[in-house]
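Structure data (mmCIF, C-alpha atoms) from structure14.cif:
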```
data_work
#
loop_
_atom_site.label_atom_id
_atom_site.label_comp_id
_atom_site.auth_asym_id
_atom_site.auth_seq_id
_atom_site.Cartn_x
_atom_site.Cartn_y
_atom_site.Cartn_z
CA MET A 1 0.00 0.00 0.00
CA THR A 2 1.13 3.54 -0.66
CA THR A 3 0.12 7.06 0.29
CA ALA A 4 1.69 8.58 -2.82
CA PRO A 5 -0.71 10.42 -5.15
CA PRO A 6 -2.13 8.29 -7.98
CA ARG A 7 -0.23 8.19 -11.25
CA PRO A 8 -1.99 10.00 -14.14
CA ASP A 9 -2.65 6.65 -15.84
CA SER A 10 -3.71 4.83 -12.65
CA PRO A 11 -7.06 2.99 -12.79
CA TYR A 12 -7.57 4.07 -9.17
CA GLN A 13 -7.98 7.86 -9.16
CA SER A 14 -11.04 8.18 -6.93
CA TYR A 15 -14.12 6.25 -5.87
CA VAL A 16 -17.03 8.26 -7.29
CA TYR A 17 -20.25 7.44 -5.47
CA ALA A 18 -21.66 10.97 -5.66
CA TYR A 19 -20.89 14.00 -7.80
CA PRO A 20 -19.57 16.40 -6.75
CA HIS A 21 -17.64 15.12 -3.73
CA LYS A 22 -18.08 16.85 -0.39
CA THR A 23 -14.62 18.39 -0.74
CA ALA A 24 -16.18 20.63 -3.40
CA TYR A 25 -18.78 21.92 -0.91
CA ARG A 26 -18.33 25.33 0.68
CA PRO A 27 -20.22 27.42 3.28
CA LEU A 28 -23.36 28.83 1.66
CA PRO A 29 -23.69 32.63 1.74
CA GLY A 30 -26.93 33.66 3.39
CA ARG A 31 -27.65 30.10 4.57
CA PRO A 32 -30.68 29.61 2.30
CA PRO A 33 -33.91 28.47 4.00
CA LEU A 34 -34.83 24.84 3.32
CA ARG A 35 -38.37 25.86 2.45
CA GLU A 36 -37.07 27.90 -0.50
CA LEU A 37 -34.69 25.14 -1.62
CA TRP A 38 -37.42 22.51 -1.78
CA ALA A 39 -40.13 24.74 -3.26
CA GLY A 40 -41.14 23.43 -6.67
CA GLU A 41 -39.04 20.26 -6.37
CA PRO A 42 -40.72 16.93 -7.24
CA GLN A 43 -41.57 15.30 -3.90
CA HIS A 44 -43.69 12.28 -4.82
CA ALA A 45 -40.81 9.75 -4.58
CA LEU A 46 -38.11 11.11 -2.27
CA SER A 47 -35.19 9.15 -0.79
CA LEU A 48 -34.54 9.37 2.95
CA TYR A 49 -31.09 8.88 4.48
CA LEU A 50 -30.34 8.95 8.21
CA HIS A 51 -26.68 9.17 9.24
CA ILE A 52 -25.27 7.77 12.50
CA PRO A 53 -21.67 9.02 12.99
CA PHE A 54 -20.48 6.45 15.53
CA CYS A 55 -18.35 3.30 15.28
CA GLU A 56 -16.89 0.92 17.84
CA VAL A 57 -13.50 1.11 16.07
CA ARG A 58 -12.01 3.07 13.17
CA CYS A 59 -10.59 0.89 10.43
CA GLY A 60 -7.22 1.82 9.00
CA PHE A 61 -8.65 2.68 5.57
CA CYS A 62 -11.70 4.62 6.79
CA ASN A 63 -12.11 8.29 5.84
CA LEU A 64 -15.83 8.40 6.57
CA PHE A 65 -17.34 11.01 8.85
CA THR A 66 -17.48 9.07 12.11
CA ARG A 67 -16.13 9.06 15.65
CA ILE A 68 -15.03 6.15 17.82
CA GLY A 69 -17.26 5.52 20.79
CA SER A 70 -19.44 8.08 22.52
CA PRO A 71 -19.40 9.64 25.98
CA GLU A 72 -22.38 8.83 28.15
CA GLY A 73 -25.48 10.58 26.87
CA LEU A 74 -24.09 11.56 23.46
CA THR A 75 -26.13 9.10 21.40
CA THR A 76 -29.29 10.27 23.16
CA ALA A 77 -28.35 13.90 22.53
CA TYR A 78 -27.60 13.06 18.91
CA LEU A 79 -31.01 11.45 18.42
CA ASP A 80 -32.59 14.48 20.09
CA ALA A 81 -30.88 16.70 17.51
CA LEU A 82 -31.85 14.33 14.71
CA GLU A 83 -35.47 14.64 15.80
CA ARG A 84 -35.25 18.43 15.82
CA GLN A 85 -33.72 18.39 12.36
CA ALA A 86 -36.39 15.99 11.10
CA ALA A 87 -39.15 18.31 12.31
CA ALA A 88 -37.54 21.28 10.55
CA VAL A 89 -36.94 19.41 7.31
CA ARG A 90 -40.44 17.93 7.21
CA ALA A 91 -41.88 21.41 7.67
CA ALA A 92 -39.89 22.55 4.62
CA LEU A 93 -41.37 19.82 2.41
CA ASP A 94 -44.79 19.86 0.80
CA ASP A 95 -47.70 18.36 2.71
CA GLY A 96 -47.96 15.66 0.07
CA ALA A 97 -44.27 14.68 0.08
CA ARG A 98 -43.76 10.91 -0.06
CA PHE A 99 -40.74 8.67 0.40
CA ALA A 100 -39.95 5.76 -1.91
CA LEU A 101 -36.61 4.64 -0.41
CA ALA A 102 -34.89 4.79 2.96
CA ALA A 103 -31.41 3.99 4.27
CA PHE A 104 -29.53 4.17 7.56
CA GLY A 105 -25.78 4.63 7.17
CA GLY A 106 -22.76 5.94 8.95
CA GLY A 107 -20.52 5.31 10.73
CA THR A 108 -22.31 2.24 11.94
CA PRO A 109 -26.07 2.57 12.54
CA THR A 110 -26.05 -0.64 14.60
CA TYR A 111 -23.68 1.08 17.04
CA LEU A 112 -26.99 2.28 18.52
CA THR A 113 -28.69 0.01 21.05
CA ALA A 114 -31.87 -1.84 20.16
CA GLY A 115 -33.92 0.81 21.95
CA GLU A 116 -32.11 3.60 20.13
CA LEU A 117 -32.70 1.87 16.80
CA GLU A 118 -36.42 1.81 17.64
CA ARG A 119 -36.25 5.55 18.18
CA LEU A 120 -34.33 6.03 14.92
CA CYS A 121 -37.12 4.21 13.06
CA ASP A 122 -39.71 6.30 14.89
CA ILE A 123 -38.00 9.49 13.70
CA ALA A 124 -38.09 8.23 10.10
CA GLU A 125 -41.72 7.23 10.33
CA GLN A 126 -43.38 9.61 12.76
CA ARG A 127 -41.37 12.77 12.09
CA MET A 128 -40.63 12.32 8.37
CA GLY A 129 -43.64 10.25 7.31
CA ALA A 130 -41.70 7.38 5.72
CA ASP A 131 -43.49 4.03 5.89
CA LEU A 132 -40.51 1.76 6.51
CA ARG A 133 -42.53 -1.41 6.08
CA ALA A 134 -43.78 -0.33 2.68
CA VAL A 135 -40.57 0.97 1.06
CA PRO A 136 -37.10 -0.55 0.60
CA LEU A 137 -34.97 0.08 3.71
CA SER A 138 -31.21 -0.57 3.68
CA VAL A 139 -29.14 -0.60 6.89
CA GLU A 140 -25.37 -0.88 7.33
CA ALA A 141 -23.89 -2.99 10.13
CA SER A 142 -20.60 -4.34 11.46
CA PRO A 143 -20.05 -7.88 12.76
CA ALA A 144 -19.52 -6.77 16.37
CA THR A 145 -22.74 -4.70 16.47
CA ALA A 146 -24.97 -7.14 14.54
CA THR A 147 -26.43 -8.50 17.76
CA ALA A 148 -29.65 -10.50 17.89
CA ASP A 149 -31.65 -7.78 19.69
CA ARG A 150 -30.61 -5.08 17.22
CA LEU A 151 -31.32 -7.30 14.23
CA GLU A 152 -34.73 -8.21 15.66
CA VAL A 153 -35.66 -4.51 15.81
CA LEU A 154 -34.49 -3.86 12.26
CA ALA A 155 -36.30 -6.88 10.86
CA ALA A 156 -39.53 -6.00 12.65
CA ARG A 157 -39.38 -2.41 11.41
CA GLY A 158 -39.18 -3.46 7.76
CA THR A 159 -35.48 -3.61 6.82
CA THR A 160 -35.19 -5.24 3.41
CA ARG A 161 -31.40 -5.07 3.01
CA LEU A 162 -28.75 -5.59 5.66
CA SER A 163 -25.22 -4.69 4.53
CA LEU A 164 -22.36 -6.17 6.56
CA GLY A 165 -18.87 -4.70 6.36
CA VAL A 166 -16.58 -7.71 6.43
CA GLN A 167 -13.68 -6.60 4.17
CA SER A 168 -11.79 -9.90 4.61
CA PHE A 169 -12.43 -13.31 6.13
CA ASP A 170 -8.67 -13.72 6.60
CA ASP A 171 -7.67 -12.66 10.13
CA ALA A 172 -4.18 -11.61 9.04
CA GLU A 173 -5.57 -9.42 6.27
CA ALA A 174 -8.06 -7.87 8.66
CA ARG A 175 -5.19 -6.95 10.99
CA SER A 176 -3.23 -5.56 8.06
CA ALA A 177 -6.17 -3.29 7.20
CA VAL A 178 -6.34 -2.26 10.88
CA ARG A 179 -9.72 -3.88 11.30
CA PRO A 180 -9.72 -5.84 14.56
CA GLN A 181 -12.04 -8.79 13.98
CA LYS A 182 -11.95 -12.56 13.86
CA ARG A 183 -13.44 -14.74 11.14
CA ALA A 184 -15.38 -16.71 13.77
CA GLU A 185 -17.05 -13.50 14.96
CA VAL A 186 -17.92 -12.51 11.40
CA GLU A 187 -19.48 -15.88 10.63
CA ALA A 188 -21.45 -15.79 13.89
CA ALA A 189 -22.83 -12.40 12.87
CA LEU A 190 -23.76 -13.72 9.43
CA GLY A 191 -25.62 -16.58 11.11
CA ARG A 192 -27.63 -14.12 13.20
CA ILE A 193 -28.38 -11.99 10.13
CA ARG A 194 -29.63 -14.97 8.13
CA ALA A 195 -31.72 -16.11 11.10
CA ALA A 196 -33.34 -12.67 11.28
CA GLY A 197 -34.71 -13.21 7.76
CA PHE A 198 -33.72 -10.06 5.86
CA PRO A 199 -34.64 -10.48 2.17
CA VAL A 200 -31.27 -9.14 1.00
CA LEU A 201 -27.87 -9.70 2.58
CA ASN A 202 -24.96 -7.69 1.22
CA ILE A 203 -21.35 -8.44 2.13
CA ASP A 204 -18.62 -5.83 1.60
CA LEU A 205 -15.12 -7.10 0.77
CA ILE A 206 -11.88 -5.22 0.01
CA TYR A 207 -9.05 -6.14 -2.35
CA GLY A 208 -5.55 -4.70 -2.41
CA ILE A 209 -4.77 -5.22 1.28
CA ASP A 210 -1.08 -5.57 2.11
CA GLY A 211 -0.15 -9.26 1.96
CA GLN A 212 -3.32 -10.27 0.12
CA THR A 213 -2.82 -12.72 -2.76
CA GLU A 214 -5.16 -13.99 -5.44
CA ALA A 215 -5.48 -17.25 -3.52
CA SER A 216 -6.39 -15.55 -0.23
CA TRP A 217 -8.77 -13.20 -2.08
CA LEU A 218 -10.61 -16.10 -3.68
CA ARG A 219 -10.79 -17.87 -0.31
CA SER A 220 -12.53 -14.82 1.16
CA LEU A 221 -14.93 -14.77 -1.79
CA ASP A 222 -15.70 -18.46 -1.38
CA THR A 223 -16.35 -17.99 2.33
CA ALA A 224 -18.77 -15.18 1.49
CA LEU A 225 -20.44 -17.26 -1.24
CA ALA A 226 -21.14 -20.03 1.26
CA TRP A 227 -23.69 -17.65 2.82
CA ARG A 228 -25.35 -17.12 -0.58
CA PRO A 229 -25.53 -13.33 -0.22
CA GLU A 230 -27.95 -11.64 -2.57
CA GLU A 231 -25.37 -8.90 -3.12
CA LEU A 232 -21.61 -8.53 -2.87
CA TYR A 233 -19.62 -5.30 -3.05
CA LEU A 234 -15.95 -5.61 -4.00
CA TYR A 235 -14.03 -2.45 -3.07
CA PRO A 236 -10.46 -1.60 -4.09
CA LEU A 237 -8.47 -0.44 -1.10
CA TYR A 238 -7.67 3.27 -1.02
CA VAL A 239 -5.32 4.94 1.44
CA ARG A 240 -6.67 8.42 2.21
CA PRO A 241 -5.05 11.32 4.08
CA LEU A 242 -5.46 11.33 7.87
CA THR A 243 -6.38 7.62 8.02
CA GLY A 244 -4.57 4.93 9.99
CA LEU A 245 -3.05 3.34 6.91
CA ALA A 246 -1.80 6.72 5.69
CA ARG A 247 0.16 7.11 8.92
CA ARG A 248 1.75 3.70 8.38
CA GLY A 249 3.44 4.84 5.16
CA GLU A 250 4.28 3.12 1.90
CA GLN A 251 4.38 -0.67 1.64
CA GLU A 252 4.84 -1.07 -2.13
CA SER A 253 5.18 1.13 -5.19
CA ARG A 254 2.10 2.77 -6.70
CA SER A 255 2.54 0.94 -10.01
CA ALA A 256 2.90 -2.45 -8.31
CA TRP A 257 -0.16 -1.77 -6.14
CA ASP A 258 -2.21 -0.69 -9.16
CA THR A 259 -1.21 -3.87 -11.00
CA ARG A 260 -2.09 -6.05 -8.00
CA ARG A 261 -5.46 -4.37 -7.38
CA LEU A 262 -6.46 -4.65 -11.04
CA ALA A 263 -5.50 -8.34 -11.14
CA LEU A 264 -7.49 -9.01 -7.94
CA TYR A 265 -10.49 -7.14 -9.34
CA ARG A 266 -10.49 -9.27 -12.49
CA ALA A 267 -10.08 -12.48 -10.51
CA GLY A 268 -12.95 -11.52 -8.20
CA ARG A 269 -15.20 -10.40 -11.03
CA ASP A 270 -14.66 -13.57 -13.03
CA HIS A 271 -15.17 -15.72 -9.92
CA LEU A 272 -18.53 -14.14 -9.13
CA LEU A 273 -19.72 -14.26 -12.74
CA ALA A 274 -18.87 -17.96 -12.80
CA HIS A 275 -20.96 -18.46 -9.65
CA GLY A 276 -24.14 -16.96 -11.08
CA TYR A 277 -23.77 -13.33 -10.07
CA GLN A 278 -24.53 -10.43 -12.38
CA GLN A 279 -22.29 -7.37 -12.46
CA VAL A 280 -24.19 -4.17 -11.68
CA SER A 281 -21.16 -1.87 -11.53
CA MET A 282 -17.44 -2.12 -10.98
CA ARG A 283 -18.17 -2.76 -7.29
CA MET A 284 -21.61 -4.30 -7.08
CA PHE A 285 -22.59 -7.87 -7.94
CA ARG A 286 -26.09 -9.33 -7.51
CA ARG A 287 -26.99 -13.00 -7.41
CA ALA A 288 -29.18 -13.92 -10.37
CA ALA A 289 -32.92 -13.97 -9.58
CA SER A 290 -32.37 -12.53 -6.08
CA PRO A 291 -34.77 -9.89 -4.77
CA GLN A 292 -33.72 -6.28 -5.17
CA ALA A 293 -33.84 -4.06 -2.10
CA GLY A 294 -33.92 -0.82 -4.06
CA ALA A 295 -33.76 0.78 -7.44
CA GLY A 296 -30.05 0.26 -8.04
CA GLU A 297 -26.67 1.27 -6.69
CA TYR A 298 -27.32 5.01 -7.06
CA ALA A 299 -30.91 4.98 -5.84
CA CYS A 300 -30.00 7.16 -2.85
CA GLN A 301 -27.77 9.50 -4.85
CA THR A 302 -30.44 11.05 -7.08
CA ASP A 303 -32.19 14.40 -6.91
CA GLY A 304 -34.83 14.38 -4.22
CA MET A 305 -32.71 12.90 -1.46
CA VAL A 306 -33.36 14.11 2.08
CA GLY A 307 -30.46 13.55 4.46
CA LEU A 308 -30.70 13.78 8.23
CA GLY A 309 -27.69 13.77 10.55
CA CYS A 310 -24.45 15.72 10.61
CA GLY A 311 -22.78 13.51 7.97
CA ALA A 312 -25.72 13.28 5.59
CA ARG A 313 -26.15 15.02 2.25
CA SER A 314 -29.36 16.29 0.71
CA TYR A 315 -29.91 16.73 -3.03
CA THR A 316 -32.28 19.07 -4.79
CA SER A 317 -32.05 19.77 -8.52
CA ARG A 318 -30.35 23.09 -7.79
CA LEU A 319 -28.29 22.52 -4.66
CA HIS A 320 -26.44 19.70 -2.91
CA TYR A 321 -25.99 20.49 0.77
CA SER A 322 -24.87 19.03 4.08
CA PHE A 323 -22.91 20.01 7.18
CA ASP A 324 -19.14 20.38 7.43
CA TYR A 325 -16.89 17.41 6.63
CA ALA A 326 -13.78 16.11 8.37
CA VAL A 327 -11.76 12.94 8.96
CA ASN A 328 -9.48 14.00 11.84
CA ALA A 329 -10.92 12.73 15.13
CA THR A 330 -10.81 16.09 16.90
CA GLU A 331 -12.47 17.88 13.98
CA VAL A 332 -15.18 15.20 13.73
CA ARG A 333 -15.96 15.44 17.43
CA GLY A 334 -16.27 19.22 17.14
CA ILE A 335 -18.72 18.98 14.23
CA ILE A 336 -20.82 16.40 16.08
CA ASP A 337 -20.85 18.56 19.21
CA ASP A 338 -21.98 21.58 17.17
CA TYR A 339 -24.72 19.50 15.55
CA VAL A 340 -25.98 18.23 18.89
CA ALA A 341 -26.10 21.81 20.22
CA THR A 342 -28.03 23.15 17.22
CA GLU A 343 -31.62 24.18 17.83
CA ASP A 344 -32.53 25.69 14.44
CA PHE A 345 -32.19 23.37 11.44
CA HIS A 346 -34.27 25.42 9.00
CA ARG A 347 -31.35 26.51 6.80
CA ALA A 348 -28.69 24.88 4.62
CA GLU A 349 -25.13 25.40 5.86
CA VAL A 350 -22.61 23.93 3.38
CA GLY A 351 -23.11 22.88 -0.21
CA HIS A 352 -22.58 23.20 -3.95
CA TRP A 353 -24.93 24.86 -6.41
CA MET A 354 -25.66 22.65 -9.43
CA GLY A 355 -25.70 25.22 -12.21
CA GLY A 356 -24.67 25.14 -15.86
CA ALA A 357 -23.68 21.71 -17.16
CA GLU A 358 -23.22 20.16 -13.72
CA PRO A 359 -26.55 18.23 -13.77
CA ARG A 360 -25.57 16.74 -17.14
CA ARG A 361 -22.19 15.69 -15.80
CA ARG A 362 -23.75 14.18 -12.71
CA HIS A 363 -26.28 12.23 -14.77
CA LEU A 364 -23.54 10.94 -17.06
CA VAL A 365 -21.31 9.92 -14.13
CA GLN A 366 -24.08 8.07 -12.36
CA SER A 367 -25.40 6.32 -15.46
CA LEU A 368 -22.16 5.47 -17.26
CA LEU A 369 -20.62 3.79 -14.19
CA GLN A 370 -23.46 1.26 -14.17
CA ALA A 371 -22.94 -1.94 -16.17
CA GLU A 372 -26.27 -1.49 -17.97
CA GLY A 373 -25.16 1.92 -19.23
CA MET A 374 -27.27 4.94 -20.08
CA PRO A 375 -30.24 5.00 -22.47
CA LEU A 376 -29.50 7.83 -24.88
CA ALA A 377 -33.21 8.57 -25.29
CA ASP A 378 -33.49 9.27 -21.54
CA TYR A 379 -30.60 11.72 -21.70
CA ARG A 380 -32.09 13.51 -24.69
CA ALA A 381 -35.52 13.72 -23.07
CA ARG A 382 -34.01 15.23 -19.94
CA PHE A 383 -31.40 17.56 -21.41
CA GLY A 384 -32.36 18.03 -25.05
CA GLY A 385 -29.07 16.82 -26.50
CA SER A 386 -26.69 13.89 -26.49
CA PRO A 387 -23.58 13.04 -24.44
CA ALA A 388 -21.51 13.09 -27.63
CA GLU A 389 -22.59 16.68 -28.26
CA ASP A 390 -22.13 17.78 -24.65
CA PHE A 391 -18.91 15.91 -23.76
CA PRO A 392 -17.07 15.16 -27.02
CA ALA A 393 -13.55 15.40 -25.59
CA GLU A 394 -14.19 13.10 -22.64
CA LEU A 395 -16.00 10.44 -24.66
CA SER A 396 -13.32 10.53 -27.35
CA ARG A 397 -10.68 9.77 -24.72
CA PHE A 398 -12.75 6.87 -23.40
CA ALA A 399 -13.20 5.48 -26.92
CA GLU A 400 -9.47 5.77 -27.68
CA ARG A 401 -8.69 3.69 -24.60
CA GLY A 402 -11.25 1.01 -25.43
CA TRP A 403 -13.45 1.92 -22.50
CA LEU A 404 -16.73 2.26 -24.46
CA ALA A 405 -18.77 -0.70 -25.65
CA ASP A 406 -19.86 -1.04 -29.28
CA GLY A 407 -22.92 -2.56 -30.82
CA ASP A 408 -25.97 -0.89 -29.24
CA PRO A 409 -26.79 2.53 -30.71
CA ALA A 410 -29.52 3.10 -28.10
CA PHE A 411 -27.11 2.98 -25.12
CA LEU A 412 -23.89 4.59 -24.00
CA ARG A 413 -22.15 1.82 -22.11
CA LEU A 414 -18.70 1.03 -20.74
CA SER A 415 -16.86 -2.00 -22.05
CA PRO A 416 -15.63 -4.60 -19.52
CA GLU A 417 -12.27 -2.81 -19.55
CA GLY A 418 -14.04 0.50 -19.07
CA LEU A 419 -15.88 -0.87 -16.04
CA ALA A 420 -12.55 -2.05 -14.65
CA HIS A 421 -11.35 1.56 -14.95
CA SER A 422 -14.48 3.15 -13.44
CA ASP A 423 -12.40 4.94 -10.82
CA ALA A 424 -10.58 6.74 -13.64
CA VAL A 425 -13.66 7.27 -15.82
CA GLY A 426 -15.61 9.09 -13.11
CA PRO A 427 -12.95 11.68 -12.21
CA MET A 428 -12.31 12.39 -15.91
CA LEU A 429 -15.90 13.67 -16.11
CA PHE A 430 -15.48 16.20 -13.29
CA SER A 431 -15.87 19.82 -14.35
CA PRO A 432 -12.89 22.21 -14.11
CA GLY A 433 -14.73 24.16 -11.41
CA VAL A 434 -15.28 21.09 -9.24
CA ARG A 435 -11.67 20.01 -9.77
CA ALA A 436 -10.46 23.41 -8.59
CA LEU A 437 -12.64 23.32 -5.48
CA MET A 438 -11.51 19.80 -4.58
CA ALA A 439 -7.86 20.74 -5.12
CA ALA A 440 -8.23 23.80 -2.87
CA TYR A 441 -9.90 21.83 -0.07
CA GLU A 442 -7.78 21.57 3.07
CA ALA A 443 -8.16 18.13 4.67
CA LYS A 444 -9.05 18.26 8.34
#
```
Write out the structure in this file as structure tokens.
Amino acid sequence: MTTAPPRPDSPYQSYVYAYPHKTAYRPLPGRPPLRELWAGEPQHALSLYLHIPFCEVRCGFCNLFTRIGSPEGLTTAYLDALERQAAAVRAALDDGARFALAAFGGGTPTYLTAGELERLCDIAEQRMGADLRAVPLSVEASPATATADRLEVLAARGTTRLSLGVQSFDDAEARSAVRPQKRAEVEAALGRIRAAGFPVLNIDLIYGIDGQTEASWLRSLDTALAWRPEELYLYPLYVRPLTGLARRGEQESRSAWDTRRLALYRAGRDHLLAHGYQQVSMRMFRRAASPQAGAGEYACQTDGMVGLGCGARSYTSRLHYSFDYAVNATEVRGIIDDYVATEDFHRAEVGHWMGGAEPRRRHLVQSLLQAEGMPLADYRARFGGSPAEDFPAELSRFAERGWLADGDPAFLRLSPEGLAHSDAVGPMLFSPGVRALMAAYEAK
């Protein structure tokens, strides 16, 4: 592993799960009222995301907005603030606003006790008006916090997808990634999850860990496959600033690491395809004929997303907004403390206005990184043009590198090699303005 910046030709530039990234967000002049931001926005099929910024440990690769542990009373105070925010946000929405999807993320939502998870569901239902038993609900968990009482609450409240962060079933690899867990504990958690009866189990795994080989990677995959998960996410390891692995320093050259990660990706992809899984994106694989817990990998990244919690984002067609972002433990604690002390949640604090061609770029990023590609007719209906007209330089570069598939004039689609390079494709579509903002961001 290495902390050196990626080479210009590296397939691993950046994981793009939302555009633009939070590092392009800035404090919003005038702190616009939420009521004005949501006025006129379609609200018949909103997505709801509740963020819990607590974990029992911080993994070496983690740059998420989360803190380790919580002083006595902090989780209660956080839920109090979440309830105040929910009341303010619901008041800013139309009376007829409806939710079609819901998700609890973090951090680790199952860090909360069973009773606190009940309250979290109550906030989603009673304050926001989301019927959790009638819409897809996805919840993230860790092996240590996937206890029977917590899982019982989540199953009873309508959770359709439980996502377990495993990363590796090899104890030595878990230690190398600074993730203190034992395979026996992970498998015990998987047994409890299956017993709880969630329709969809997702298992997250990471490739590119120091010391990981193709043989050990395939053993982890086979261990996961024994549980017949409906979904599997295969993540390339990244080493981000201010994380535990970044402090460890370089373990191998960037070029050698890129080569190893790409080889492990291909081995994992081919292994899952051979075992009856369908590739949804570079990272996501779904078992054939398994139930779907939502509308796809980017279902919670579309316009009309309402985020609650100090690490959550909200998306309208004109503005993406959230609270401040940090990775450093002291900075994270300060942001959480400020959130807990906030009484008035009626205004947006930090964000990025989506003017000009930004909505087109975002749509292209989200659609092109999916294996099924983008229907060109949908793009034309929405924007009145074509990607080739709007982004000729970018698409020409993709075509020159063999990253675009041929043969279907109705779709713009990545080739298998293009999918393998998704983490280079996405950043190449960023606008100059977003690039400048991200480059000027000071990590904290």
Given the file shown, determine the residues that the PyMOL selection byres ((chain A and resi 67) around 7) selects; report them as a compact mmCIF listing (two decimals) with C-alpha atoms, keeping the file's coordinate frame.
```
# COMPACT_ATOMS: atom_id res chain seq x y z
CA PRO A 53 -21.67 9.02 12.99
CA PHE A 54 -20.48 6.45 15.53
CA CYS A 55 -18.35 3.30 15.28
CA THR A 66 -17.48 9.07 12.11
CA ILE A 68 -15.03 6.15 17.82
CA GLY A 69 -17.26 5.52 20.79
CA ALA A 329 -10.92 12.73 15.13
CA VAL A 332 -15.18 15.20 13.73
CA ARG A 333 -15.96 15.44 17.43
```
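Checking A:Arg269, A:Lys182, A:Arg382, A:His352 one by one against A:Arg318, counting only C-alpha atoms, you find the shortest gap at A:His352.
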* To do: Find the residue from A:Gly106, A:Gly307, A:Pro136, A:Pro427 that sits nearest to A:Ser14; use all atoms listed in the file when measuring.
  => A:Pro427
* **Resolved residues for the PyMOL selection byres ((chain A and resi 28) around 6) as a ChimeraX atom specification** => /A:27,29,31,349-350
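You can rank A:Ala393, A:Arg192, A:Ser10, A:Ser47 by their closest distance to A:Tyr315 using all atoms listed in the file, and at the top of that list sits A:Ser47.
Applied to the file shown here, the PyMOL selection byres ((chain A and resi 111-121) around 7) selects the residues Phe54, Cys55, Glu56, Thr108, Pro109, Thr110, Asp122, Ile123, Ala124, Glu125, Thr145, Asp149, Arg150 and Val153 of chain A.
Nearest to A:Phe430 of all the residues A:Ala24, A:Met305, A:Val280, A:Ala215 is A:Ala24, based on all atoms listed in the file.
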* To do: Would you list the contacts of A:Ala274 as number ranges by chain, taking every protein, DNA or RNA residue within 12 Å and counting only C-alpha atoms, but skipping same-chain residues closer than 6 positions in sequence?
  => A: 222, 225, 267-268, 285, 287-288
Those residues you just picked out, can you put them in a file as a PDB file, in the frame of the given file with C-alpha atoms?
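out_17.pdb was written with the following content:
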```
ATOM      1  CA  ASP A 222     -15.700 -18.460  -1.380  1.00  0.00           C
ATOM      2  CA  LEU A 225     -20.440 -17.260  -1.240  1.00  0.00           C
ATOM      3  CA  ALA A 267     -10.080 -12.480 -10.510  1.00  0.00           C
ATOM      4  CA  GLY A 268     -12.950 -11.520  -8.200  1.00  0.00           C
ATOM      5  CA  PHE A 285     -22.590  -7.870  -7.940  1.00  0.00           C
ATOM      6  CA  ARG A 287     -26.990 -13.000  -7.410  1.00  0.00           C
ATOM      7  CA  ALA A 288     -29.180 -13.920 -10.370  1.00  0.00           C
TER       8      ALA A 288
END
```
Neighbouring residues of stretch 167-175 of chain A were defined as those with any atom within 7 Å, considering all atoms listed in the file; residues of the same chain fewer than 4 positions away were excluded. Please report them as a PDB file with C-alpha atoms, in the frame of the given file.
```
ATOM      1  CA  ARG A 179      -9.720  -3.880  11.300  1.00  0.00           C
ATOM      2  CA  PRO A 180      -9.720  -5.840  14.560  1.00  0.00           C
ATOM      3  CA  GLN A 181     -12.040  -8.790  13.980  1.00  0.00           C
ATOM      4  CA  LYS A 182     -11.950 -12.560  13.860  1.00  0.00           C
ATOM      5  CA  ARG A 183     -13.440 -14.740  11.140  1.00  0.00           C
ATOM      6  CA  ASP A 204     -18.620  -5.830   1.600  1.00  0.00           C
ATOM      7  CA  LEU A 205     -15.120  -7.100   0.770  1.00  0.00           C
ATOM      8  CA  ILE A 206     -11.880  -5.220   0.010  1.00  0.00           C
ATOM      9  CA  ILE A 209      -4.770  -5.220   1.280  1.00  0.00           C
ATOM     10  CA  GLY A 211      -0.150  -9.260   1.960  1.00  0.00           C
ATOM     11  CA  GLN A 212      -3.320 -10.270   0.120  1.00  0.00           C
ATOM     12  CA  SER A 220     -12.530 -14.820   1.160  1.00  0.00           C
TER      13      SER A 220
END
```
I need stretch 337-352 of chain A from the structure I supplied, saved as a PDB file, in the first residue's frame with C-alpha atoms retained.
```pdb
ATOM      1  CA  ASP A 337     -20.853  18.562  19.213  1.00  0.00           C
ATOM      2  CA  ASP A 338     -21.976  21.576  17.168  1.00  0.00           C
ATOM      3  CA  TYR A 339     -24.722  19.499  15.553  1.00  0.00           C
ATOM      4  CA  VAL A 340     -25.978  18.234  18.894  1.00  0.00           C
ATOM      5  CA  ALA A 341     -26.098  21.808  20.225  1.00  0.00           C
ATOM      6  CA  THR A 342     -28.032  23.145  17.222  1.00  0.00           C
ATOM      7  CA  GLU A 343     -31.619  24.180  17.829  1.00  0.00           C
ATOM      8  CA  ASP A 344     -32.528  25.694  14.443  1.00  0.00           C
ATOM      9  CA  PHE A 345     -32.194  23.366  11.437  1.00  0.00           C
ATOM     10  CA  HIS A 346     -34.267  25.421   9.000  1.00  0.00           C
ATOM     11  CA  ARG A 347     -31.347  26.507   6.796  1.00  0.00           C
ATOM     12  CA  ALA A 348     -28.687  24.878   4.622  1.00  0.00           C
ATOM     13  CA  GLU A 349     -25.134  25.400   5.860  1.00  0.00           C
ATOM     14  CA  VAL A 350     -22.606  23.932   3.384  1.00  0.00           C
ATOM     15  CA  GLY A 351     -23.111  22.875  -0.214  1.00  0.00           C
ATOM     16  CA  HIS A 352     -22.580  23.198  -3.949  1.00  0.00           C
TER      17      HIS A 352
END
```
